[in-house]
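Q: What follows is a structure written as structure tokens; I'll ask about it next.
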Amino acid sequence: MQQHFSDCSNGQMYFIQEGDSYYRLSQYFFLPLELLIQANPNTDPNNLQIGQAICIPVDSTFTFCSTNSTTYQIKQGDYFFMKY
């Protein structure tokens with residue numbers, strides 16, 4: 001298979017592995033699905049091949065905390081989800 005590498009200067013190259021789909025990758029890399037599709041215009045998302053290179057873009061609109069958020073220091077006994 002001949003590889004055609006697109007410009008990935010605003011991201012990182014990723015090589016498709018068994019079970020990958022654009023949806024799974026968008027979830028794994030916390031990216032909007034549409035951004036992943038736009039970053040790989042020459043790739044058919046319905047025909048990904050193991051070993052195929054795609055670009056995982058950096059989503060410049062994504063932030064972990066807003067500027068008006070409060071920092072919380074985790075303490076022993078804290079849980080991310082409610083414990084039942």
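Order determines the names: the first chain of the structure tokens is A, the second B, and so forth; residues in each chain are numbered 1 upward, and ligands are numbered 1 upward as they are shown.
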Write out as a PyMOL selection string which residues come within 8 Å of A:Gln17 when counting only C-alpha atoms, dropping same-chain ones fewer than 5 positions away.
A: chain A and resi 49-51
Q: Can I get the selected residues back with N, CA and C atoms, as a PDB file, in the first residue's frame?
A:
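Generated file (out_20.pdb):
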ATOM      1  N   GLN A  49      -7.218   1.196   6.912  1.00  0.00           N
ATOM      2  CA  GLN A  49      -6.395  -0.001   6.795  1.00  0.00           C
ATOM      3  C   GLN A  49      -5.364  -0.031   7.910  1.00  0.00           C
ATOM      4  N   ILE A  50      -5.139  -1.194   8.512  1.00  0.00           N
ATOM      5  CA  ILE A  50      -4.122  -1.331   9.550  1.00  0.00           C
ATOM      6  C   ILE A  50      -2.782  -0.867   8.994  1.00  0.00           C
ATOM      7  N   GLY A  51      -2.104  -0.003   9.746  1.00  0.00           N
ATOM      8  CA  GLY A  51      -0.815   0.543   9.321  1.00  0.00           C
ATOM      9  C   GLY A  51      -0.929   1.848   8.558  1.00  0.00           C
TER      10      GLY A  51
END
Q: Need to verify the contact set: A:Phe15, 7 Å, only C-alpha atoms, exclusion of same-chain residues closer than 3 positions in sequence. Can you return it as a compact mmCIF listing (two decimals) with N, CA, C and O atoms, in the first residue's frame?
A:
# COMPACT_ATOMS: atom_id res chain seq x y z
N GLY A 51 -2.10 0.00 9.75
CA GLY A 51 -0.82 0.54 9.32
C GLY A 51 -0.93 1.85 8.56
O GLY A 51 0.08 2.52 8.33
N GLN A 52 -2.13 2.22 8.17
CA GLN A 52 -2.34 3.47 7.44
C GLN A 52 -2.06 4.65 8.36
O GLN A 52 -2.44 4.66 9.52
N ALA A 53 -1.38 5.67 7.84
CA ALA A 53 -1.05 6.86 8.62
C ALA A 53 -2.14 7.91 8.47
O ALA A 53 -2.58 8.19 7.35
N ILE A 54 -2.57 8.47 9.58
CA ILE A 54 -3.49 9.60 9.57
C ILE A 54 -2.94 10.67 10.50
O ILE A 54 -2.04 10.41 11.30
Q: Mind checking which residues fall within 12 Å of A:Thr43, counting only C-alpha atoms, ignoring those fewer than 3 positions away in the same chain, and posting them as an MDAnalysis selection string?
A: chainID A and resid 3:6 16 21:22 36:40 46:49 52:55
Q: Using C-alpha atoms, can you export the residues from the last selection as a PDB file, in the first residue's frame?
A:
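part.pdb, freshly written:
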ATOM      1  CA  GLN A   3       1.197   5.985   1.698  1.00  0.00           C
ATOM      2  CA  HIS A   4       0.244   9.562   0.867  1.00  0.00           C
ATOM      3  CA  PHE A   5       1.102  11.677   3.886  1.00  0.00           C
ATOM      4  CA  SER A   6      -0.908  14.846   4.275  1.00  0.00           C
ATOM      5  CA  ILE A  16      -4.203   2.744  12.300  1.00  0.00           C
ATOM      6  CA  SER A  21     -12.391   3.865  13.650  1.00  0.00           C
ATOM      7  CA  TYR A  22     -12.571   7.632  13.389  1.00  0.00           C
ATOM      8  CA  LEU A  36     -10.439  14.471  12.649  1.00  0.00           C
ATOM      9  CA  ILE A  37     -12.200  14.105   9.298  1.00  0.00           C
ATOM     10  CA  GLN A  38     -11.115  17.604   8.179  1.00  0.00           C
ATOM     11  CA  ALA A  39      -7.490  16.894   9.109  1.00  0.00           C
ATOM     12  CA  ASN A  40      -7.465  13.844   6.790  1.00  0.00           C
ATOM     13  CA  ASN A  46     -15.097   3.987   6.168  1.00  0.00           C
ATOM     14  CA  ASN A  47     -12.096   2.128   4.734  1.00  0.00           C
ATOM     15  CA  LEU A  48      -9.242   2.464   7.235  1.00  0.00           C
ATOM     16  CA  GLN A  49      -6.395  -0.001   6.795  1.00  0.00           C
ATOM     17  CA  GLN A  52      -2.344   3.475   7.439  1.00  0.00           C
ATOM     18  CA  ALA A  53      -1.047   6.861   8.621  1.00  0.00           C
ATOM     19  CA  ILE A  54      -3.490   9.598   9.567  1.00  0.00           C
ATOM     20  CA  CYS A  55      -3.067  12.974  11.231  1.00  0.00           C
TER      21      CYS A  55
END
Q: Grab the atom CA of A:Val58 to atom CA of A:Pro41 distance for me, in Å with one decimal place.
A: 15.8 Å
